[in-house]
file upload39.tsv (TSV, C-alpha atoms and all ligand atoms)
chain	number	residue	atom	x	y	z
A	1	MET	CA	-21.74	1.06	-3.74
A	2	GLU	CA	-22.86	3.42	-6.48
A	3	THR	CA	-19.79	3.43	-8.70
A	4	LYS	CA	-17.49	0.64	-9.71
A	5	GLN	CA	-14.21	0.94	-7.82
A	6	LYS	CA	-10.78	0.38	-9.39
A	7	PHE	CA	-10.33	-2.89	-7.54
A	8	ASP	CA	-13.85	-4.27	-8.03
A	9	GLY	CA	-13.55	-7.47	-10.02
A	10	TYR	CA	-9.84	-7.86	-9.19
A	11	ALA	CA	-10.00	-9.30	-5.68
A	12	SER	CA	-9.10	-12.87	-6.60
A	13	GLN	CA	-6.58	-11.80	-9.26
A	14	TYR	CA	-4.91	-9.52	-6.70
A	15	ASP	CA	-4.51	-12.25	-4.09
A	16	GLU	CA	-3.50	-14.85	-6.69
A	17	TRP	CA	-0.78	-12.52	-7.99
A	18	PHE	CA	0.78	-12.44	-4.53
A	19	MET	CA	0.33	-16.20	-4.09
A	20	VAL	CA	2.19	-16.91	-7.34
A	21	ASN	CA	4.79	-14.24	-6.53
A	22	ASP	CA	5.25	-15.75	-3.11
A	23	LYS	CA	8.84	-14.60	-2.51
A	24	LEU	CA	7.91	-11.05	-3.48
A	25	PHE	CA	4.98	-11.30	-1.09
A	26	THR	CA	7.22	-12.54	1.72
A	27	SER	CA	9.57	-9.59	1.17
A	28	GLU	CA	6.69	-7.12	1.33
A	29	LEU	CA	5.19	-8.89	4.34
A	30	ARG	CA	8.52	-8.63	6.17
A	31	LEU	CA	8.55	-4.90	5.52
A	32	PHE	CA	4.92	-4.60	6.66
A	33	GLN	CA	5.58	-6.49	9.89
A	34	LYS	CA	8.82	-4.62	10.57
A	35	VAL	CA	7.26	-1.17	10.27
A	36	LEU	CA	4.11	-2.00	12.23
A	37	GLY	CA	6.23	-3.34	15.07
A	38	ASP	CA	4.52	-4.63	18.20
A	39	ILE	CA	0.83	-3.82	17.80
A	40	THR	CA	-0.34	-5.50	20.98
A	41	GLY	CA	-3.11	-3.45	22.58
A	42	LYS	CA	-2.92	-0.80	19.87
A	43	ARG	CA	-5.69	0.66	17.76
A	44	LEU	CA	-4.88	0.66	14.06
A	45	LEU	CA	-6.57	1.89	10.91
A	46	SER	CA	-5.75	0.40	7.52
A	47	VAL	CA	-6.70	2.85	4.79
A	48	GLY	CA	-7.46	0.88	1.63
A	49	CYS	CA	-7.25	-2.44	3.48
A	50	GLY	CA	-8.14	-4.30	0.27
A	51	SER	CA	-8.71	-8.00	0.85
A	52	GLY	CA	-6.85	-7.93	4.16
A	53	LEU	CA	-4.19	-10.23	2.74
A	54	PHE	CA	-1.33	-8.73	4.76
A	55	GLU	CA	-3.52	-8.41	7.85
A	56	SER	CA	-4.25	-12.14	7.66
A	57	TYR	CA	-0.61	-12.74	8.67
A	58	ILE	CA	-0.81	-10.61	11.84
A	59	ASP	CA	-3.15	-10.46	14.81
A	60	CYS	CA	-5.63	-8.04	13.24
A	61	SER	CA	-8.10	-7.96	16.14
A	62	GLY	CA	-7.22	-4.27	16.70
A	63	VAL	CA	-7.23	-3.34	13.01
A	64	GLU	CA	-10.04	-1.29	11.50
A	65	GLY	CA	-10.27	-0.85	7.76
A	66	ILE	CA	-11.62	1.54	5.16
A	67	GLU	CA	-12.06	0.16	1.66
A	68	PRO	CA	-13.95	1.45	-1.38
A	69	SER	CA	-14.16	-1.91	-3.15
A	70	GLU	CA	-16.78	-4.21	-1.68
A	71	ASP	CA	-15.23	-7.17	-3.53
A	72	MET	CA	-12.00	-6.62	-1.64
A	73	GLY	CA	-13.43	-5.49	1.70
A	74	LYS	CA	-15.74	-8.48	2.13
A	75	ILE	CA	-12.71	-10.77	2.00
A	76	ALA	CA	-10.90	-8.53	4.51
A	77	GLU	CA	-13.85	-8.90	6.88
A	78	LYS	CA	-13.67	-12.69	6.59
A	79	ARG	CA	-9.98	-12.42	7.45
A	80	GLY	CA	-10.76	-10.54	10.65
A	81	VAL	CA	-10.36	-6.88	9.70
A	82	ASN	CA	-13.09	-4.68	11.16
A	83	VAL	CA	-14.11	-2.80	8.01
A	84	ILE	CA	-15.70	0.34	9.46
A	85	ARG	CA	-16.52	1.96	6.14
A	86	TYR	CA	-16.93	1.01	2.51
A	87	GLY	CA	-15.82	4.16	0.76
A	88	MET	CA	-12.92	6.42	-0.14
A	89	ILE	CA	-10.82	7.94	2.62
A	90	GLU	CA	-11.54	11.34	1.07
A	91	ASP	CA	-15.23	10.93	2.00
A	92	VAL	CA	-14.77	9.62	5.54
A	93	ASP	CA	-14.77	11.68	8.74
A	94	LEU	CA	-12.26	10.25	11.17
A	95	PRO	CA	-12.42	10.84	14.94
A	96	GLU	CA	-9.50	12.97	16.20
A	97	GLU	CA	-6.63	11.71	18.41
A	98	THR	CA	-7.91	8.13	18.25
A	99	TYR	CA	-5.46	5.76	16.57
A	100	ASP	CA	-1.96	4.60	17.50
A	101	ILE	CA	-1.13	3.70	13.91
A	102	ILE	CA	-2.77	4.60	10.61
A	103	TYR	CA	-1.28	2.91	7.59
A	104	PHE	CA	-1.70	3.01	3.83
A	105	ASN	CA	-0.33	-0.25	2.42
A	106	GLY	CA	-0.21	0.37	-1.32
A	107	SER	CA	-3.28	2.60	-1.30
A	108	SER	CA	-1.61	6.03	-1.71
A	109	SER	CA	-0.75	4.80	-5.21
A	110	TYR	CA	-4.44	5.05	-6.10
A	111	MET	CA	-4.98	8.56	-4.71
A	112	GLU	CA	-4.46	11.77	-6.68
A	113	ASN	CA	-4.31	14.31	-3.92
A	114	LEU	CA	-2.34	13.11	-0.92
A	115	ALA	CA	-2.20	16.23	1.29
A	116	PRO	CA	-5.86	16.22	2.43
A	117	VAL	CA	-5.91	12.49	3.22
A	118	TYR	CA	-2.61	12.58	5.11
A	119	GLU	CA	-3.75	15.67	7.01
A	120	LYS	CA	-6.97	13.92	7.99
A	121	SER	CA	-5.01	10.84	9.06
A	122	LEU	CA	-2.55	12.85	11.14
A	123	LYS	CA	-5.43	14.51	12.99
A	124	ALA	CA	-6.89	11.08	13.74
A	125	LEU	CA	-3.63	9.89	15.33
A	126	LYS	CA	-2.89	10.17	19.02
A	127	ALA	CA	0.12	12.31	19.96
A	128	GLY	CA	3.20	10.20	19.21
A	129	GLY	CA	1.17	8.00	16.87
A	130	ARG	CA	2.56	6.86	13.54
A	131	LEU	CA	1.38	7.34	9.99
A	132	ILE	CA	2.92	4.56	7.89
A	133	LEU	CA	2.96	4.72	4.10
A	134	LEU	CA	4.04	1.66	2.14
A	135	ASP	CA	4.22	1.88	-1.64
A	136	VAL	CA	5.92	1.16	-4.91
A	137	PRO	CA	7.85	4.39	-5.53
A	138	LYS	CA	7.34	5.98	-8.93
A	139	GLU	CA	11.12	6.27	-9.31
A	140	SER	CA	11.78	2.55	-8.68
A	141	ALA	CA	12.26	-0.11	-11.36
A	142	PHE	CA	8.73	-1.33	-10.58
A	143	GLY	CA	7.39	2.21	-11.00
A	144	PHE	CA	9.08	2.55	-14.40
A	145	MET	CA	7.80	-0.87	-15.46
A	146	TYR	CA	4.20	-0.01	-14.55
A	147	LEU	CA	4.35	3.37	-16.25
A	148	LEU	CA	5.87	1.86	-19.38
A	149	GLY	CA	3.20	-0.87	-19.41
A	150	LYS	CA	0.55	1.79	-18.98
A	151	SER	CA	1.86	3.96	-21.81
A	152	LEU	CA	2.22	0.96	-24.16
A	153	ASN	CA	-1.09	-0.46	-22.94
A	154	THR	CA	0.60	-3.87	-22.77
A	155	TYR	CA	3.57	-5.63	-21.19
A	156	ASP	CA	3.84	-7.76	-24.30
A	157	HIS	CA	6.00	-5.36	-26.30
A	158	GLU	CA	9.45	-5.59	-27.86
A	159	TYR	CA	10.73	-2.83	-25.54
A	160	LEU	CA	10.05	-5.12	-22.60
A	161	LYS	CA	11.17	-8.37	-24.23
A	162	ASP	CA	13.15	-10.60	-21.80
A	163	ALA	CA	12.96	-7.89	-19.13
A	164	MET	CA	9.64	-8.73	-17.49
A	165	PRO	CA	8.91	-10.99	-14.49
A	166	ALA	CA	6.92	-14.13	-15.31
A	167	LEU	CA	3.68	-12.82	-13.85
A	168	PRO	CA	3.66	-9.03	-13.64
A	169	TYR	CA	1.17	-7.04	-11.58
A	170	PRO	CA	-2.14	-6.89	-13.53
A	171	LEU	CA	-1.85	-4.21	-16.22
A	172	ALA	CA	-5.25	-2.69	-15.37
A	173	LEU	CA	-4.14	-2.13	-11.76
A	174	ALA	CA	-0.73	-0.79	-12.81
A	175	SER	CA	-2.44	1.55	-15.27
A	176	SER	CA	-5.01	2.90	-12.83
A	177	GLY	CA	-2.26	3.70	-10.30
A	178	VAL	CA	-1.24	7.27	-9.53
A	179	TRP	CA	2.42	6.54	-8.88
A	180	HIS	CA	4.05	9.01	-6.49
A	181	THR	CA	7.72	9.41	-5.64
A	182	THR	CA	8.84	8.91	-2.06
A	183	GLU	CA	10.22	12.46	-2.00
A	184	GLU	CA	6.78	13.78	-2.99
A	185	LYS	CA	5.19	12.07	0.00
A	186	ILE	CA	7.93	13.30	2.34
A	187	ARG	CA	7.37	16.84	1.07
A	188	VAL	CA	3.63	16.58	1.70
A	189	LEU	CA	4.24	15.34	5.25
A	190	LYS	CA	6.84	18.02	5.99
A	191	ASP	CA	4.37	20.66	4.81
A	192	LEU	CA	1.92	19.17	7.32
A	193	GLY	CA	4.46	19.74	10.11
A	194	ILE	CA	6.01	16.28	10.39
A	195	HIS	CA	9.74	16.15	11.13
A	196	LYS	CA	10.33	12.71	12.61
A	197	PHE	CA	10.79	10.10	9.89
A	198	GLN	CA	12.11	6.58	9.47
A	199	PHE	CA	12.47	4.77	6.16
A	200	TYR	CA	12.67	1.09	5.31
A	201	GLN	CA	12.70	-0.71	1.98
A	202	THR	CA	12.71	-4.08	0.26
A	203	LEU	CA	12.58	-5.45	-3.33
A	204	VAL	CA	15.94	-3.96	-4.20
A	205	LYS	CA	16.56	-6.52	-6.96
A	206	ASN	CA	15.36	-5.81	-10.47
A	207	PRO	CA	11.76	-7.02	-11.02
A	208	LEU	CA	12.90	-9.89	-13.26
A	209	TYR	CA	14.65	-11.50	-10.25
A	210	THR	CA	12.43	-10.34	-7.39
A	211	ASN	CA	10.59	-13.61	-6.99
A	212	GLU	CA	13.71	-15.81	-6.89
A	213	GLU	CA	14.15	-15.42	-3.13
A	214	ALA	CA	12.64	-13.34	-0.37
A	215	GLU	CA	14.64	-10.25	0.54
A	216	GLU	CA	15.49	-8.71	3.88
A	217	VAL	CA	14.27	-5.31	4.99
A	218	ILE	CA	16.90	-2.61	4.87
A	219	GLU	CA	16.94	1.01	6.01
A	220	GLY	CA	16.47	3.85	3.54
A	221	TYR	CA	14.26	4.55	0.56
A	222	GLN	CA	16.46	5.12	-2.47
A	223	SER	CA	16.76	1.60	-3.89
A	224	GLY	CA	13.65	-0.36	-2.97
A	225	GLY	CA	10.72	-1.37	-5.13
A	226	TYR	CA	8.64	-1.30	-1.96
A	227	VAL	CA	9.29	1.49	0.52
A	228	ALA	CA	7.85	2.37	3.90
A	229	ILE	CA	7.78	5.86	5.35
A	230	ILE	CA	7.12	6.04	9.08
A	231	ALA	CA	6.02	9.53	10.10
A	232	GLU	CA	5.65	10.24	13.80
A	233	LYS	CA	3.06	12.77	14.94
A	301	LIG	C1	-2.74	-2.02	-3.97
A	301	LIG	S1	-4.25	-2.25	-3.13
A	301	LIG	C2	-3.67	-2.59	-1.50
A	301	LIG	C3	-4.65	-3.38	-0.68
A	301	LIG	C4	-4.14	-3.81	0.69
A	301	LIG	N1	-3.80	-2.68	1.52
A	301	LIG	C5	-2.94	-4.72	0.52
A	301	LIG	O1	-1.84	-4.28	0.85
A	301	LIG	O2	-3.09	-5.84	0.05
A	301	LIG	C6	-4.87	-0.61	-2.97
A	301	LIG	C7	-6.20	-0.54	-2.22
A	301	LIG	O3	-6.51	0.83	-1.99
A	301	LIG	C8	-7.90	0.99	-2.18
A	301	LIG	N2	-8.16	2.40	-2.48
A	301	LIG	C9	-8.03	3.02	-3.67
A	301	LIG	N3	-8.39	4.32	-3.58
A	301	LIG	C10	-8.74	4.52	-2.28
A	301	LIG	C11	-9.24	5.65	-1.57
A	301	LIG	N4	-9.42	6.82	-2.17
A	301	LIG	N5	-9.54	5.51	-0.25
A	301	LIG	C12	-9.35	4.30	0.36
A	301	LIG	N6	-8.89	3.20	-0.28
A	301	LIG	C13	-8.58	3.30	-1.58
A	301	LIG	C14	-8.23	0.05	-3.33
A	301	LIG	O4	-9.61	-0.25	-3.42
A	301	LIG	C15	-7.36	-1.14	-2.99
A	301	LIG	O5	-8.02	-2.08	-2.18
call {"tool": "encode", "arguments": {"input": "upload39.tsv", "output": "structure tokens"}}
result
Amino acid sequence: METKQKFDGYASQYDEWFMVNDKLFTSELRLFQKVLGDITGKRLLSVGCGSGLFESYIDCSGVEGIEPSEDMGKIAEKRGVNVIRYGMIEDVDLPEETYDIIYFNGSSSYMENLAPVYEKSLKALKAGGRLILLDVPKESAFGFMYLLGKSLNTYDHEYLKDAMPALPYPLALASSGVWHTTEEKIRVLKDLGIHKFQFYQTLVKNPLYTNEEAEEVIEGYQSGGYVAIIAEK
């Protein structure tokens, strides 16, 4: 790897954050499992598979991964993800009409220009395949918190006093995010010709309380701190 990637050096901090925020993780995992559905016999591609933390809770024998950070991807490989490429999705040629499901779990939030990568992913899906985008929406309480932390360059500020969760997402990762709204992603997909959508969400409580108990998945996208868009080709 020629250049240092945003997540290089953060692999253990990333996993530890989820381990400490275990209820938050369970909520997100429930959403992840719900939107993937039954993956038996299916071919999947995880774009920005990271350390494969979520994949380690499913049968990931049919899951291929693309990941720019070697630190993260090596752990994903140990967890059973078939990392087919260390690099950015922007630089990868994908075979057409190949995958049943392509998903971006949190990775769109580190990409500037979504249209070309979603277009490439849609081409790589079989007819009837699903592109699944899971993210923290920019317009959610989590999105506001990360953007405020980024602009203050700290979470330790009087504006945020008594309002922050005990262990917030690492500031460097919040700050390097390119937070998109859900509507922005829907618009991009509609412009690419997609009309069949489903939406699910979790983390509807304010961030201060998110880790008190795991939440259920609910339909929609207007209140969650973690939202999934399912787009059918
Ligand atoms: C928030 S992490 C999510 C990791 C993993 N999917 C998970 O849910 O635990 C975002 C991941 O996207 C990766 N990423 C960032 N930019 C990317 C790009 N242009 N192409 C592919 N992956 C990217 C990062 O290296 C990082 O591992």
call {"tool": "residues_around", "arguments": {"input": "upload39.tsv", "residues": "segment 187-202 of chain A", "least_positions_apart": "6", "cutoff": "6 Å", "atoms": "all atoms listed in the file", "output": "ChimeraX atom specification"}}
result
/A:115,217-221,224,226-232
call {"tool": "closest_residue", "arguments": {"input": "upload39.tsv", "among": "A:Tyr209, A:Trp179, A:Phe25, A:Phe32", "to": "Glu112 of chain A", "atoms": "all atoms listed in the file"}}
result
A:Trp179
call {"tool": "residues_near_ligand", "arguments": {"input": "upload39.tsv", "ligand": "ligand LIG 301 (chain A)", "cutoff": "8 Å", "atoms": "all atoms listed in the file", "output": "count of residues only"}}
result
34
call {"tool": "atom_distance", "arguments": {"input": "upload39.tsv", "atom1": "atom CA of Ser27 of chain A", "atom2": "atom CA of Thr210 of chain A"}}
result
9.1 Å
call {"tool": "closest_residue", "arguments": {"input": "upload39.tsv", "among": "A:Ala174, A:Ile75, A:Ala214, A:Val35", "to": "Tyr155 of chain A", "atoms": "only C-alpha atoms"}}
result
A:Ala174
call {"tool": "atom_distance", "arguments": {"input": "upload39.tsv", "atom1": "atom CA of Gly62 of chain A", "atom2": "atom CA of Lys42 of chain A"}}
result
6.4 Å
call {"tool": "closest_residue", "arguments": {"input": "upload39.tsv", "among": "A:Pro137, A:Gly41, A:Gly65, A:Pro95", "to": "Lys185 of chain A", "atoms": "all atoms listed in the file"}}
result
A:Pro137
call {"tool": "atom_distance", "arguments": {"input": "upload39.tsv", "atom1": "atom CA of Tyr118 of chain A", "atom2": "atom CA of Glu70 of chain A"}}
result
23.0 Å
call {"tool": "axis_aligned_box", "arguments": {"input": "upload39.tsv", "around": "segment 174-179 of chain A", "padding_each_side": "6 Å", "output": "AutoDock Vina command-line options"}}
result
--center_x -1.3 --center_y 3.2 --center_z -12.1 --size_x 19.4 --size_y 20.1 --size_z 18.4
call {"tool": "residues_around", "arguments": {"input": "upload39.tsv", "residues": "Glu97 of chain A", "least_positions_apart": "5", "cutoff": "9 Å", "atoms": "all atoms listed in the file", "output": "MDAnalysis selection string"}}
result
chainID A and resid 122:127 129
call {"tool": "closest_residue", "arguments": {"input": "upload39.tsv", "among": "A:Ile39, A:Leu133, A:Ile102, A:Leu152", "to": "Glu64 of chain A", "atoms": "all atoms listed in the file"}}
result
A:Ile102
call {"tool": "closest_residue", "arguments": {"input": "upload39.tsv", "among": "A:Leu131, A:Ile101, A:Ser176, A:Met164", "to": "Ser151 of chain A", "atoms": "all atoms listed in the file"}}
result
A:Ser176
call {"tool": "closest_residue", "arguments": {"input": "upload39.tsv", "among": "A:Asn113, A:Leu36, A:Pro207, A:Leu44", "to": "Phe144 of chain A", "atoms": "only C-alpha atoms"}}
result
A:Pro207
call {"tool": "residues_around", "arguments": {"input": "upload39.tsv", "residues": "Ala172 of chain A", "least_positions_apart": "4", "cutoff": "10 Å", "atoms": "all atoms listed in the file", "output": "list in words"}}
result
Lys6, Phe7, Tyr10, Tyr146, Gly149, Lys150, Asn153, Thr154, Ser176 and Gly177 of chain A
call {"tool": "write_last_selection", "arguments": {"input": "upload39.tsv", "atoms": "C-alpha atoms", "output": "short mmCIF file (atom, residue, chain, number, x, y, z; two decimals), in the coordinates of the input"}}
result
data_model
loop_
_atom_site.label_atom_id
_atom_site.label_comp_id
_atom_site.auth_asym_id
_atom_site.auth_seq_id
_atom_site.Cartn_x
_atom_site.Cartn_y
_atom_site.Cartn_z
CA LYS A 6 -10.78 0.38 -9.39
CA PHE A 7 -10.33 -2.89 -7.54
CA TYR A 10 -9.84 -7.86 -9.19
CA TYR A 146 4.20 -0.01 -14.55
CA GLY A 149 3.20 -0.87 -19.41
CA LYS A 150 0.55 1.79 -18.98
CA ASN A 153 -1.09 -0.46 -22.94
CA THR A 154 0.60 -3.87 -22.77
CA SER A 176 -5.01 2.90 -12.83
CA GLY A 177 -2.26 3.70 -10.30
#
call {"tool": "residues_near_point", "arguments": {"input": "upload39.tsv", "point": "(-3.9, -13.1, -11.1)", "cutoff": "12 Å", "atoms": "all atoms listed in the file", "output": "number ranges by chain"}}
result
A: 9-21, 166-173
